[in-house]
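Containing TSV, C-alpha atoms: structure_3.tsv.
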chain	number	residue	atom	x	y	z
I	1	MET	CA	0.00	0.00	0.00
I	2	LYS	CA	1.30	3.43	-0.93
I	3	LEU	CA	0.82	6.13	1.68
I	4	LYS	CA	-1.22	9.17	0.78
I	5	ALA	CA	-0.89	12.64	2.28
I	6	ALA	CA	-4.40	12.19	3.70
I	7	ASP	CA	-3.27	9.04	5.55
I	8	ILE	CA	-0.34	10.84	7.16
I	9	LYS	CA	-2.55	13.77	8.12
I	10	GLN	CA	-5.15	11.45	9.64
I	11	ILE	CA	-2.64	9.48	11.71
I	12	SER	CA	-0.87	12.65	12.85
I	13	GLU	CA	-4.17	14.08	14.09
I	14	GLN	CA	-5.14	10.84	15.81
I	15	LEU	CA	-1.82	10.84	17.66
I	16	GLY	CA	-2.06	14.52	18.52
I	17	ALA	CA	1.29	15.10	16.81
I	18	ALA	CA	2.51	18.67	16.41
I	19	SER	CA	4.07	17.84	13.04
I	20	PRO	CA	3.37	15.14	10.42
I	21	VAL	CA	4.47	11.69	11.57
I	22	GLU	CA	6.95	9.72	9.49
I	23	LEU	CA	5.54	6.30	8.61
I	24	ASN	CA	7.55	3.50	7.01
I	25	PRO	CA	6.30	0.11	5.69
I	26	PHE	CA	6.61	-2.68	8.26
I	27	ILE	CA	4.48	-5.73	7.32
I	28	GLN	CA	1.26	-6.78	5.60
I	29	CYS	CA	-1.35	-8.82	7.49
I	30	LYS	CA	-4.62	-10.53	6.61
I	31	ASP	CA	-7.89	-10.26	8.50
I	32	HIS	CA	-8.29	-13.99	9.19
I	33	SER	CA	-11.48	-13.85	11.23
I	34	VAL	CA	-13.96	-11.68	9.29
I	35	SER	CA	-13.24	-10.00	5.95
I	36	ARG	CA	-10.14	-11.87	4.62
I	37	GLU	CA	-8.87	-8.49	3.44
I	38	THR	CA	-5.20	-7.52	3.60
I	39	PHE	CA	-3.99	-4.48	5.54
I	40	SER	CA	-0.61	-2.78	5.84
I	41	LEU	CA	1.21	-1.92	9.05
I	42	PHE	CA	3.42	1.16	9.02
I	43	LYS	CA	5.93	2.06	11.71
I	44	ASP	CA	6.20	5.40	13.45
I	45	ALA	CA	9.86	5.09	14.45
I	46	GLU	CA	9.77	8.09	16.77
I	47	ARG	CA	7.12	6.46	18.97
I	48	ASP	CA	8.07	2.83	18.20
I	49	LEU	CA	4.43	2.35	17.23
I	50	LEU	CA	2.79	0.39	14.40
I	51	VAL	CA	-0.27	1.76	12.61
I	52	THR	CA	-2.86	-0.21	10.60
I	53	LEU	CA	-3.78	1.25	7.19
I	54	PRO	CA	-6.20	1.72	5.65
I	55	GLN	CA	-8.31	2.27	8.74
I	56	PRO	CA	-12.02	1.41	8.42
I	57	SER	CA	-14.39	4.36	8.56
I	58	GLU	CA	-16.41	4.91	11.73
I	59	LYS	CA	-19.45	3.67	9.80
I	60	ASN	CA	-17.79	0.47	8.57
I	61	LEU	CA	-15.72	-0.43	11.66
I	62	PRO	CA	-18.57	-2.33	13.44
I	63	ASP	CA	-18.81	-4.68	10.45
I	64	TYR	CA	-15.35	-6.07	11.27
I	65	TYR	CA	-16.62	-7.19	14.70
I	66	GLN	CA	-19.56	-9.15	13.28
I	67	SER	CA	-18.23	-12.63	13.87
I	68	GLU	CA	-19.30	-15.49	16.11
I	69	ASP	CA	-15.60	-16.06	16.70
I	70	TYR	CA	-15.24	-12.72	18.51
I	71	ILE	CA	-15.15	-14.38	21.93
I	72	SER	CA	-15.07	-11.29	24.17
I	73	HIS	CA	-18.61	-10.38	23.07
I	74	THR	CA	-20.09	-13.74	24.05
I	75	ASP	CA	-19.99	-16.38	26.78
I	76	SER	CA	-19.84	-19.20	24.23
I	77	LYS	CA	-18.32	-22.63	24.97
I	78	ARG	CA	-18.92	-24.24	21.58
I	79	ASN	CA	-15.48	-25.79	21.13
I	80	LEU	CA	-12.25	-26.57	22.95
I	81	LEU	CA	-10.75	-23.15	22.19
I	82	GLU	CA	-13.74	-21.30	23.65
I	83	ILE	CA	-13.87	-23.61	26.70
I	84	ALA	CA	-10.18	-22.95	27.34
I	85	TYR	CA	-10.73	-19.20	26.90
I	86	GLN	CA	-13.59	-19.15	29.42
I	87	LEU	CA	-11.62	-21.22	31.97
I	88	VAL	CA	-8.58	-18.96	31.73
I	89	LYS	CA	-10.88	-15.93	31.92
I	90	GLN	CA	-12.25	-17.05	35.28
I	91	PHE	CA	-8.74	-17.48	36.67
I	92	SER	CA	-7.64	-14.13	35.24
I	93	LEU	CA	-10.65	-12.31	36.72
I	94	LYS	CA	-9.51	-13.13	40.24
I	95	ARG	CA	-6.03	-11.83	39.51
I	96	LYS	CA	-7.38	-8.65	37.93
I	97	VAL	CA	-9.62	-7.86	40.91
I	98	LYS	CA	-6.71	-8.51	43.25
I	99	LEU	CA	-4.54	-6.16	41.17
I	100	VAL	CA	-6.96	-3.21	41.13
I	101	THR	CA	-7.58	-3.62	44.86
I	102	ARG	CA	-3.83	-3.46	45.44
I	103	VAL	CA	-3.25	-0.37	43.31
I	104	ASN	CA	-6.12	1.47	45.02
I	105	GLN	CA	-5.29	0.10	48.48
I	106	GLY	CA	-8.85	-1.14	48.83
I	107	GLN	CA	-12.21	-0.81	47.09
I	108	GLY	CA	-13.42	2.38	45.43
I	109	ARG	CA	-15.12	3.49	42.23
I	110	ILE	CA	-13.99	1.67	39.10
I	111	LEU	CA	-14.74	2.14	35.39
I	112	ASP	CA	-14.06	-0.67	32.92
I	113	VAL	CA	-13.78	0.62	29.35
I	114	GLY	CA	-14.67	-2.05	26.79
I	115	CYS	CA	-16.25	-4.17	29.51
I	116	GLY	CA	-17.55	-6.82	27.09
I	117	THR	CA	-20.05	-9.13	28.77
I	118	GLY	CA	-19.35	-7.66	32.22
I	119	ASP	CA	-17.53	-10.51	33.94
I	120	PHE	CA	-14.74	-8.33	35.35
I	121	LEU	CA	-17.18	-5.75	36.71
I	122	GLN	CA	-19.31	-8.53	38.18
I	123	ALA	CA	-16.24	-9.83	40.03
I	124	CYS	CA	-15.40	-6.29	41.22
I	125	GLU	CA	-18.95	-5.66	42.43
I	126	GLN	CA	-18.87	-8.89	44.42
I	127	LYS	CA	-15.74	-7.62	46.17
I	128	GLY	CA	-17.35	-4.31	47.16
I	129	TRP	CA	-16.38	-1.99	44.32
I	130	SER	CA	-18.74	0.66	42.96
I	131	ILE	CA	-18.77	-0.11	39.24
I	132	ALA	CA	-19.42	1.50	35.85
I	133	GLY	CA	-18.84	0.21	32.34
I	134	ILE	CA	-18.52	1.27	28.71
I	135	GLU	CA	-19.14	-1.18	25.87
I	136	PRO	CA	-19.92	-0.26	22.23
I	137	ASN	CA	-21.41	-3.67	21.37
I	138	GLU	CA	-25.13	-3.71	22.17
I	139	LYS	CA	-25.42	-7.47	22.62
I	140	ALA	CA	-22.48	-7.52	25.04
I	141	ARG	CA	-23.95	-4.55	26.99
I	142	GLN	CA	-27.26	-6.33	27.41
I	143	LEU	CA	-25.52	-9.46	28.65
I	144	ALA	CA	-23.44	-7.42	31.11
I	145	SER	CA	-26.61	-5.83	32.53
I	146	THR	CA	-27.91	-9.27	33.53
I	147	LYS	CA	-24.82	-10.02	35.63
I	148	THR	CA	-24.57	-6.98	37.92
I	149	ASN	CA	-26.77	-4.73	40.03
I	150	PHE	CA	-25.42	-1.90	37.90
I	151	ASN	CA	-27.31	-1.77	34.59
I	152	ASP	CA	-26.51	1.69	33.20
I	153	TYR	CA	-23.76	0.55	30.82
I	154	GLN	CA	-22.76	3.27	28.36
I	155	ARG	CA	-21.82	2.96	24.70
I	156	THR	CA	-19.06	5.61	24.56
I	157	VAL	CA	-16.71	7.54	26.84
I	158	GLU	CA	-18.47	10.76	25.87
I	159	ASP	CA	-21.67	9.47	27.51
I	160	LEU	CA	-19.92	9.59	30.91
I	161	ILE	CA	-17.76	12.70	30.80
I	162	GLU	CA	-20.28	15.43	31.59
I	163	SER	CA	-21.67	13.76	34.71
I	164	ASN	CA	-18.49	12.04	35.98
I	165	PRO	CA	-15.47	14.42	35.85
I	166	GLU	CA	-12.51	13.17	37.92
I	167	SER	CA	-14.70	10.63	39.69
I	168	PHE	CA	-13.03	7.23	39.27
I	169	ASP	CA	-10.32	5.79	41.51
I	170	VAL	CA	-9.37	3.20	38.90
I	171	ILE	CA	-10.07	2.97	35.17
I	172	THR	CA	-9.29	-0.30	33.42
I	173	MET	CA	-8.86	-1.06	29.73
I	174	TRP	CA	-8.22	-4.76	29.10
I	175	HIS	CA	-7.13	-4.99	25.45
I	176	VAL	CA	-9.07	-1.90	24.43
I	177	LEU	CA	-6.55	0.84	23.60
I	178	GLU	CA	-5.48	-0.87	20.37
I	179	HIS	CA	-9.09	-0.59	19.10
I	180	VAL	CA	-9.54	3.17	19.62
I	181	PRO	CA	-9.63	5.26	16.40
I	182	ASN	CA	-8.65	8.68	17.80
I	183	LEU	CA	-5.94	7.79	20.27
I	184	ALA	CA	-4.97	11.23	21.59
I	185	ASP	CA	-8.54	12.43	22.01
I	186	PHE	CA	-9.50	9.19	23.75
I	187	ILE	CA	-6.63	9.32	26.27
I	188	HIS	CA	-7.45	12.96	27.02
I	189	LYS	CA	-11.06	12.02	27.78
I	190	ILE	CA	-10.12	9.01	29.89
I	191	LYS	CA	-7.74	11.15	31.91
I	192	SER	CA	-10.56	13.63	32.57
I	193	LEU	CA	-12.62	10.85	34.20
I	194	LEU	CA	-9.80	9.78	36.52
I	195	LYS	CA	-9.38	11.24	40.00
I	196	PRO	CA	-6.16	13.30	40.35
I	197	ASN	CA	-4.60	10.46	42.34
I	198	GLY	CA	-6.35	7.69	40.38
I	199	VAL	CA	-4.69	4.86	38.48
I	200	LEU	CA	-5.19	3.82	34.86
I	201	VAL	CA	-4.71	0.11	34.16
I	202	VAL	CA	-4.04	-0.68	30.48
I	203	ALA	CA	-3.41	-4.10	28.93
I	204	VAL	CA	-2.23	-4.30	25.31
I	205	PRO	CA	-0.40	-6.77	23.04
I	206	ASN	CA	3.33	-6.23	22.56
I	207	PHE	CA	4.60	-6.49	18.99
I	208	LYS	CA	8.17	-6.79	20.33
I	209	SER	CA	7.39	-10.17	21.92
I	210	TRP	CA	9.03	-13.39	20.78
I	211	ASP	CA	5.77	-14.93	19.57
I	212	ALA	CA	5.08	-11.83	17.44
I	213	LYS	CA	8.45	-12.23	15.74
I	214	HIS	CA	8.02	-15.99	15.40
I	215	TYR	CA	4.61	-15.87	13.71
I	216	ASN	CA	5.37	-12.67	11.77
I	217	SER	CA	2.35	-11.70	9.60
I	218	PHE	CA	0.32	-14.60	11.05
I	219	TRP	CA	0.61	-13.27	14.63
I	220	ALA	CA	-3.00	-13.28	15.81
I	221	ALA	CA	-2.58	-10.22	18.05
I	222	TYR	CA	-2.12	-7.99	15.01
I	223	ASP	CA	-5.86	-8.71	14.46
I	224	VAL	CA	-6.25	-6.19	11.63
I	225	PRO	CA	-8.21	-4.01	11.13
I	226	ARG	CA	-9.81	-4.19	14.60
I	227	HIS	CA	-6.40	-3.39	16.10
I	228	LEU	CA	-5.60	0.04	14.73
I	229	TRP	CA	-2.45	0.52	16.83
I	230	HIS	CA	0.28	-1.91	17.84
I	231	PHE	CA	2.27	-0.93	20.93
I	232	SER	CA	5.69	-1.56	22.37
I	233	ARG	CA	6.86	-0.72	25.88
I	234	LYS	CA	8.64	2.35	24.49
I	235	SER	CA	5.54	3.59	22.65
I	236	MET	CA	3.35	3.22	25.74
I	237	ALA	CA	5.76	5.27	27.86
I	238	LYS	CA	6.17	7.96	25.18
I	239	ILE	CA	2.48	8.33	24.32
I	240	PHE	CA	1.32	8.67	27.92
I	241	SER	CA	4.18	11.02	28.79
I	242	GLU	CA	2.65	13.44	26.27
I	243	PHE	CA	-0.36	13.61	28.62
I	244	ASP	CA	1.81	14.12	31.73
I	245	MET	CA	1.16	10.55	32.79
I	246	LYS	CA	3.80	8.08	33.92
I	247	ILE	CA	4.01	4.30	33.82
I	248	LEU	CA	4.53	3.10	37.39
I	249	GLU	CA	4.72	-0.63	36.77
I	250	GLU	CA	4.64	-3.25	34.01
I	251	LEU	CA	3.13	-6.70	34.61
I	252	PRO	CA	3.08	-9.73	32.27
I	253	MET	CA	-0.04	-11.47	30.96
I	254	LYS	CA	1.54	-14.90	30.58
I	255	PHE	CA	-1.58	-16.73	29.42
I	256	ASP	CA	-1.82	-14.49	26.35
I	257	SER	CA	1.20	-16.06	24.66
I	258	TYR	CA	-0.52	-19.47	24.67
I	259	TYR	CA	-3.88	-18.20	23.43
I	260	VAL	CA	-2.32	-15.98	20.76
I	261	SER	CA	-0.03	-18.81	19.65
I	262	LEU	CA	-3.01	-21.14	19.33
I	263	LEU	CA	-4.80	-18.71	17.01
I	264	SER	CA	-1.57	-17.97	15.14
I	265	GLU	CA	-1.02	-21.68	14.49
I	266	LYS	CA	-4.50	-21.86	12.96
I	267	TYR	CA	-3.89	-18.81	10.77
I	268	LYS	CA	-0.50	-20.05	9.61
I	269	LYS	CA	-1.20	-23.76	9.11
I	270	GLY	CA	-4.98	-23.87	8.62
I	271	LYS	CA	-5.63	-25.94	11.73
I	272	GLN	CA	-5.23	-25.72	15.49
I	273	ASN	CA	-2.18	-27.43	16.94
I	274	PHE	CA	-2.36	-27.38	20.73
I	275	PHE	CA	1.04	-28.97	21.27
I	276	SER	CA	2.91	-26.58	18.98
I	277	ALA	CA	0.99	-23.58	20.35
I	278	PHE	CA	1.81	-24.54	23.93
I	279	TYR	CA	5.49	-24.94	23.04
I	280	GLN	CA	5.69	-21.59	21.25
I	281	GLY	CA	3.79	-19.85	24.05
I	282	LEU	CA	6.14	-21.36	26.61
I	283	ARG	CA	9.20	-20.29	24.60
I	284	SER	CA	7.84	-16.76	24.35
I	285	ASN	CA	7.37	-16.53	28.12
I	286	GLN	CA	10.83	-17.96	28.74
I	287	LYS	CA	12.41	-15.40	26.40
I	288	ALA	CA	10.37	-12.62	28.05
I	289	GLY	CA	11.59	-13.70	31.48
I	290	ARG	CA	14.94	-12.24	30.43
I	291	SER	CA	13.89	-9.42	28.08
I	292	GLY	CA	10.57	-8.29	29.64
I	293	GLU	CA	8.96	-8.50	26.18
I	294	TYR	CA	5.87	-10.57	27.02
I	295	SER	CA	3.14	-11.24	24.45
I	296	SER	CA	0.87	-8.83	26.35
I	297	LEU	CA	1.63	-6.43	29.19
I	298	ILE	CA	-0.39	-4.63	31.83
I	299	TYR	CA	0.67	-1.02	32.49
I	300	LEU	CA	-0.17	0.82	35.71
I	301	ILE	CA	-0.29	4.51	34.80
I	302	LYS	CA	-0.75	7.60	36.96

Could I get this file's structure written as structure tokens?
Amino acid sequence: MKLKAADIKQISEQLGAASPVELNPFIQCKDHSVSRETFSLFKDAERDLLVTLPQPSEKNLPDYYQSEDYISHTDSKRNLLEIAYQLVKQFSLKRKVKLVTRVNQGQGRILDVGCGTGDFLQACEQKGWSIAGIEPNEKARQLASTKTNFNDYQRTVEDLIESNPESFDVITMWHVLEHVPNLADFIHKIKSLLKPNGVLVVAVPNFKSWDAKHYNSFWAAYDVPRHLWHFSRKSMAKIFSEFDMKILEELPMKFDSYYVSLLSEKYKKGKQNFFSAFYQGLRSNQKAGRSGEYSSLIYLIK
């Protein structure tokens, strides 16, 4: 794909850049789960950030989420992959609730952006948190409302801003930031919802991980075009520093390497290979034990 001036202008505006960003070709990836279309990733070397182009329009973007295989919008257990996902999710929920309780030194008011079917907020509510959630997908919102006493789930961040300035102790985004079209505007709005001493918890894939390099264009966490941005540890620190926010701590999401490797095996070889996926996921975590470059990372930001 050849870059157009309009593409550079769009990306520069979405990043809140003072001058046009310099984008260089990095890799081409296929949308394996919905459209089968091919997209290009370009690298912003200054931020160590990858950008998906072309980006779907706001009108067309929901179409790329219309798949029964998009697990985070359902509670399905139709096959071994979905059963494994749901089992790991239950284990991860406990760890996530424990984490947010630690960073806030107890319960408080929490907002989960991209809350999906509401399982994390349900777990938080059961532990005494006052909860709120944002989820664009209507079906997922409705399912979330059946799980908690809270049922006023919002579709967008804008729906909360006017009535909730600086009101949340913790805001979480579990694999959400990579989906946001206007990155700079979104971070600005999220920051406005956070209490001055509040903590932002962000989990994103890491394109510098060993499994990303191993699977190359078949790496499932590229997930184009739903993932518009692809972050490294350097890009996370640089982007949030532009909003006077600092990363306090990085934590690994070790299960992600196995799940991503399982999907990547399917994309690369046309079938699921649990043994190979487990081996590659294990290798990725072992490599990351020395480098810190895990398949996905959680960032605690203040």

Using only C-alpha atoms, which of the listed residues (I:Leu93, I:Ile298, I:Leu228, I:Leu263) sits closest to Asn182 of chain I?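 The shortest atom-to-atom distance to Asn182 of chain I comes from I:Leu228.
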
Scan for residues within 8 Å of the point (2.1, 0.2, 10.4) in the coordinates of the file, using all atoms listed in the file, and reply as a PDB file with C-alpha atoms, in the frame of the given file.
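Contents of out37.pdb, as written:
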ATOM      1  CA  LEU I  23       5.540   6.300   8.610  1.00  0.00           C
ATOM      2  CA  ASN I  24       7.550   3.500   7.010  1.00  0.00           C
ATOM      3  CA  PRO I  25       6.300   0.110   5.690  1.00  0.00           C
ATOM      4  CA  PHE I  26       6.610  -2.680   8.260  1.00  0.00           C
ATOM      5  CA  ILE I  27       4.480  -5.730   7.320  1.00  0.00           C
ATOM      6  CA  SER I  40      -0.610  -2.780   5.840  1.00  0.00           C
ATOM      7  CA  LEU I  41       1.210  -1.920   9.050  1.00  0.00           C
ATOM      8  CA  PHE I  42       3.420   1.160   9.020  1.00  0.00           C
ATOM      9  CA  LYS I  43       5.930   2.060  11.710  1.00  0.00           C
ATOM     10  CA  ASP I  44       6.200   5.400  13.450  1.00  0.00           C
ATOM     11  CA  LEU I  49       4.430   2.350  17.230  1.00  0.00           C
ATOM     12  CA  LEU I  50       2.790   0.390  14.400  1.00  0.00           C
ATOM     13  CA  VAL I  51      -0.270   1.760  12.610  1.00  0.00           C
ATOM     14  CA  THR I  52      -2.860  -0.210  10.600  1.00  0.00           C
ATOM     15  CA  LEU I  53      -3.780   1.250   7.190  1.00  0.00           C
ATOM     16  CA  TRP I 229      -2.450   0.520  16.830  1.00  0.00           C
ATOM     17  CA  HIS I 230       0.280  -1.910  17.840  1.00  0.00           C
TER      18      HIS I 230
END

Do you know which residues are at most 10 Å from Asn206 of chain I counting only C-alpha atoms, after dropping those on the same chain fewer than 4 positions away, and could you put them as a PDB file with C-alpha atoms, in the frame of the given file?
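What follows is the written file out05.pdb:
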ATOM      1  CA  TRP I 210       9.030 -13.390  20.780  1.00  0.00           C
ATOM      2  CA  ASP I 211       5.770 -14.930  19.570  1.00  0.00           C
ATOM      3  CA  ALA I 212       5.080 -11.830  17.440  1.00  0.00           C
ATOM      4  CA  ALA I 221      -2.580 -10.220  18.050  1.00  0.00           C
ATOM      5  CA  TYR I 222      -2.120  -7.990  15.010  1.00  0.00           C
ATOM      6  CA  HIS I 230       0.280  -1.910  17.840  1.00  0.00           C
ATOM      7  CA  PHE I 231       2.270  -0.930  20.930  1.00  0.00           C
ATOM      8  CA  SER I 232       5.690  -1.560  22.370  1.00  0.00           C
ATOM      9  CA  ARG I 233       6.860  -0.720  25.880  1.00  0.00           C
ATOM     10  CA  MET I 236       3.350   3.220  25.740  1.00  0.00           C
ATOM     11  CA  GLU I 293       8.960  -8.500  26.180  1.00  0.00           C
ATOM     12  CA  TYR I 294       5.870 -10.570  27.020  1.00  0.00           C
ATOM     13  CA  SER I 295       3.140 -11.240  24.450  1.00  0.00           C
ATOM     14  CA  SER I 296       0.870  -8.830  26.350  1.00  0.00           C
ATOM     15  CA  LEU I 297       1.630  -6.430  29.190  1.00  0.00           C
TER      16      LEU I 297
END

Could you check the closest approach to His188 of chain I for each of I:Pro225, I:Gly118, I:Pro205, I:Gly16 and tell me which residue wins, using only C-alpha atoms?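 For His188 of chain I, the nearest of the candidates is I:Gly16.
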
Could you name the residues that touch segment 102-114 of chain I at 9 Å or less, counting all atoms listed in the file, but leaving out those on the same chain fewer than 6 positions away, as a count of residues only? 30

Rounded to one decimal in Å, what is the spacing between atom CA of Asn149 of chain I and atom CA of Ser67 of chain I? 28.6 Å

Select all residues near (-1.1, -20.6, 12.6) (cut-off 12 Å, inclusive, file coordinates), counting only C-alpha atoms, and output them as a count of residues only. 30

Find the residue from I:Lys254, I:Thr38, I:Ala140, I:Pro181 that sits nearest to Ser12 of chain I; use only C-alpha atoms when measuring.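 Of the candidates, the smallest distance to Ser12 of chain I is held by I:Pro181.
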
Taking all atoms listed in the file into account, name the residue in I:Asp48, I:Glu22, I:Asp31, I:Asp185 that is nearest to Ala237 of chain I.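 For Ala237 of chain I, the nearest of the candidates is I:Asp48.
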
For a test of reading the model, state the distance in Å between atom CA of Leu248 of chain I and atom CA of Val224 of chain I, rounded to one decimal. 29.4 Å

Nearby residues (only C-alpha atoms) at most 9 Å from Lys302 of chain I, same-chain spacing under 4 positions excluded, as a ChimeraX atom specification: /I:196-201,244-248

Could you check which of I:Ile187, I:Leu282, I:Ala144, I:Leu3 is closest to Cys115 of chain I, using all atoms listed in the file?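 Using all atoms listed in the file, Cys115 of chain I sits closest to I:Ala144.
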
Atomic separation - atom CA of Val97 of chain I relative to atom CA of Gln126 of chain I, Å: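 Rounded to one decimal, the two atoms are 9.9 Å apart.
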
Which one is closest to Val204 of chain I: I:Tyr258, I:Tyr299, I:Phe150, I:Phe240? Count all atoms listed in the file.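 Ranked by minimum distance to Val204 of chain I, first place goes to I:Tyr299.
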
Will you model N, CA and C atoms for segment 30-56 of chain I and pass it back as a compact mmCIF listing (two decimals), in the frame of the given file?
# COMPACT_ATOMS: atom_id res chain seq x y z
N LYS I 30 -3.27 -10.20 7.08
CA LYS I 30 -4.62 -10.53 6.61
C LYS I 30 -5.59 -10.56 7.79
N ASP I 31 -6.80 -10.11 7.53
CA ASP I 31 -7.89 -10.26 8.50
C ASP I 31 -8.40 -11.69 8.37
N HIS I 32 -7.96 -12.57 9.28
CA HIS I 32 -8.29 -13.99 9.19
C HIS I 32 -9.67 -14.33 9.73
N SER I 33 -10.26 -13.46 10.53
CA SER I 33 -11.48 -13.85 11.23
C SER I 33 -12.77 -13.32 10.62
N VAL I 34 -12.72 -12.25 9.81
CA VAL I 34 -13.96 -11.68 9.29
C VAL I 34 -13.90 -11.46 7.77
N SER I 35 -13.13 -10.47 7.33
CA SER I 35 -13.24 -10.00 5.95
C SER I 35 -12.29 -10.69 4.97
N ARG I 36 -11.21 -11.29 5.46
CA ARG I 36 -10.14 -11.87 4.62
C ARG I 36 -9.38 -10.83 3.82
N GLU I 37 -9.58 -9.57 4.14
CA GLU I 37 -8.87 -8.49 3.44
C GLU I 37 -7.44 -8.37 3.98
N THR I 38 -6.59 -7.75 3.19
CA THR I 38 -5.20 -7.52 3.60
C THR I 38 -5.00 -6.05 3.96
N PHE I 39 -4.28 -5.83 5.07
CA PHE I 39 -3.99 -4.48 5.54
C PHE I 39 -2.48 -4.32 5.73
N SER I 40 -2.03 -3.08 5.68
CA SER I 40 -0.61 -2.78 5.84
C SER I 40 -0.35 -2.16 7.22
N LEU I 41 0.77 -2.56 7.81
CA LEU I 41 1.21 -1.92 9.05
C LEU I 41 2.40 -1.04 8.72
N PHE I 42 2.33 0.21 9.18
CA PHE I 42 3.42 1.16 9.02
C PHE I 42 3.99 1.50 10.39
N LYS I 43 5.28 1.78 10.42
CA LYS I 43 5.93 2.06 11.71
C LYS I 43 6.24 3.54 11.87
N ASP I 44 5.80 4.07 13.01
CA ASP I 44 6.20 5.40 13.45
C ASP I 44 7.42 5.19 14.33
N ALA I 45 8.61 5.39 13.75
CA ALA I 45 9.86 5.09 14.45
C ALA I 45 10.06 5.95 15.69
N GLU I 46 9.59 7.18 15.64
CA GLU I 46 9.77 8.09 16.77
C GLU I 46 9.07 7.55 18.02
N ARG I 47 7.88 6.99 17.83
CA ARG I 47 7.12 6.46 18.97
C ARG I 47 7.27 4.95 19.13
N ASP I 48 7.95 4.29 18.20
CA ASP I 48 8.07 2.83 18.20
C ASP I 48 6.68 2.20 18.19
N LEU I 49 5.84 2.71 17.30
CA LEU I 49 4.43 2.35 17.23
C LEU I 49 4.09 1.89 15.81
N LEU I 50 3.28 0.83 15.71
CA LEU I 50 2.79 0.39 14.40
C LEU I 50 1.36 0.87 14.20
N VAL I 51 1.05 1.22 12.96
CA VAL I 51 -0.27 1.76 12.61
C VAL I 51 -0.88 0.92 11.49
N THR I 52 -2.15 0.53 11.64
CA THR I 52 -2.86 -0.21 10.60
C THR I 52 -3.45 0.74 9.58
N LEU I 53 -3.21 0.47 8.30
CA LEU I 53 -3.78 1.25 7.19
C LEU I 53 -4.20 0.31 6.07
N PRO I 54 -5.29 0.61 5.35
CA PRO I 54 -6.20 1.72 5.65
C PRO I 54 -7.04 1.41 6.89
N GLN I 55 -7.45 2.45 7.58
CA GLN I 55 -8.31 2.27 8.74
C GLN I 55 -9.78 2.32 8.30
N PRO I 56 -10.60 1.38 8.78
CA PRO I 56 -12.02 1.41 8.42
C PRO I 56 -12.67 2.71 8.88
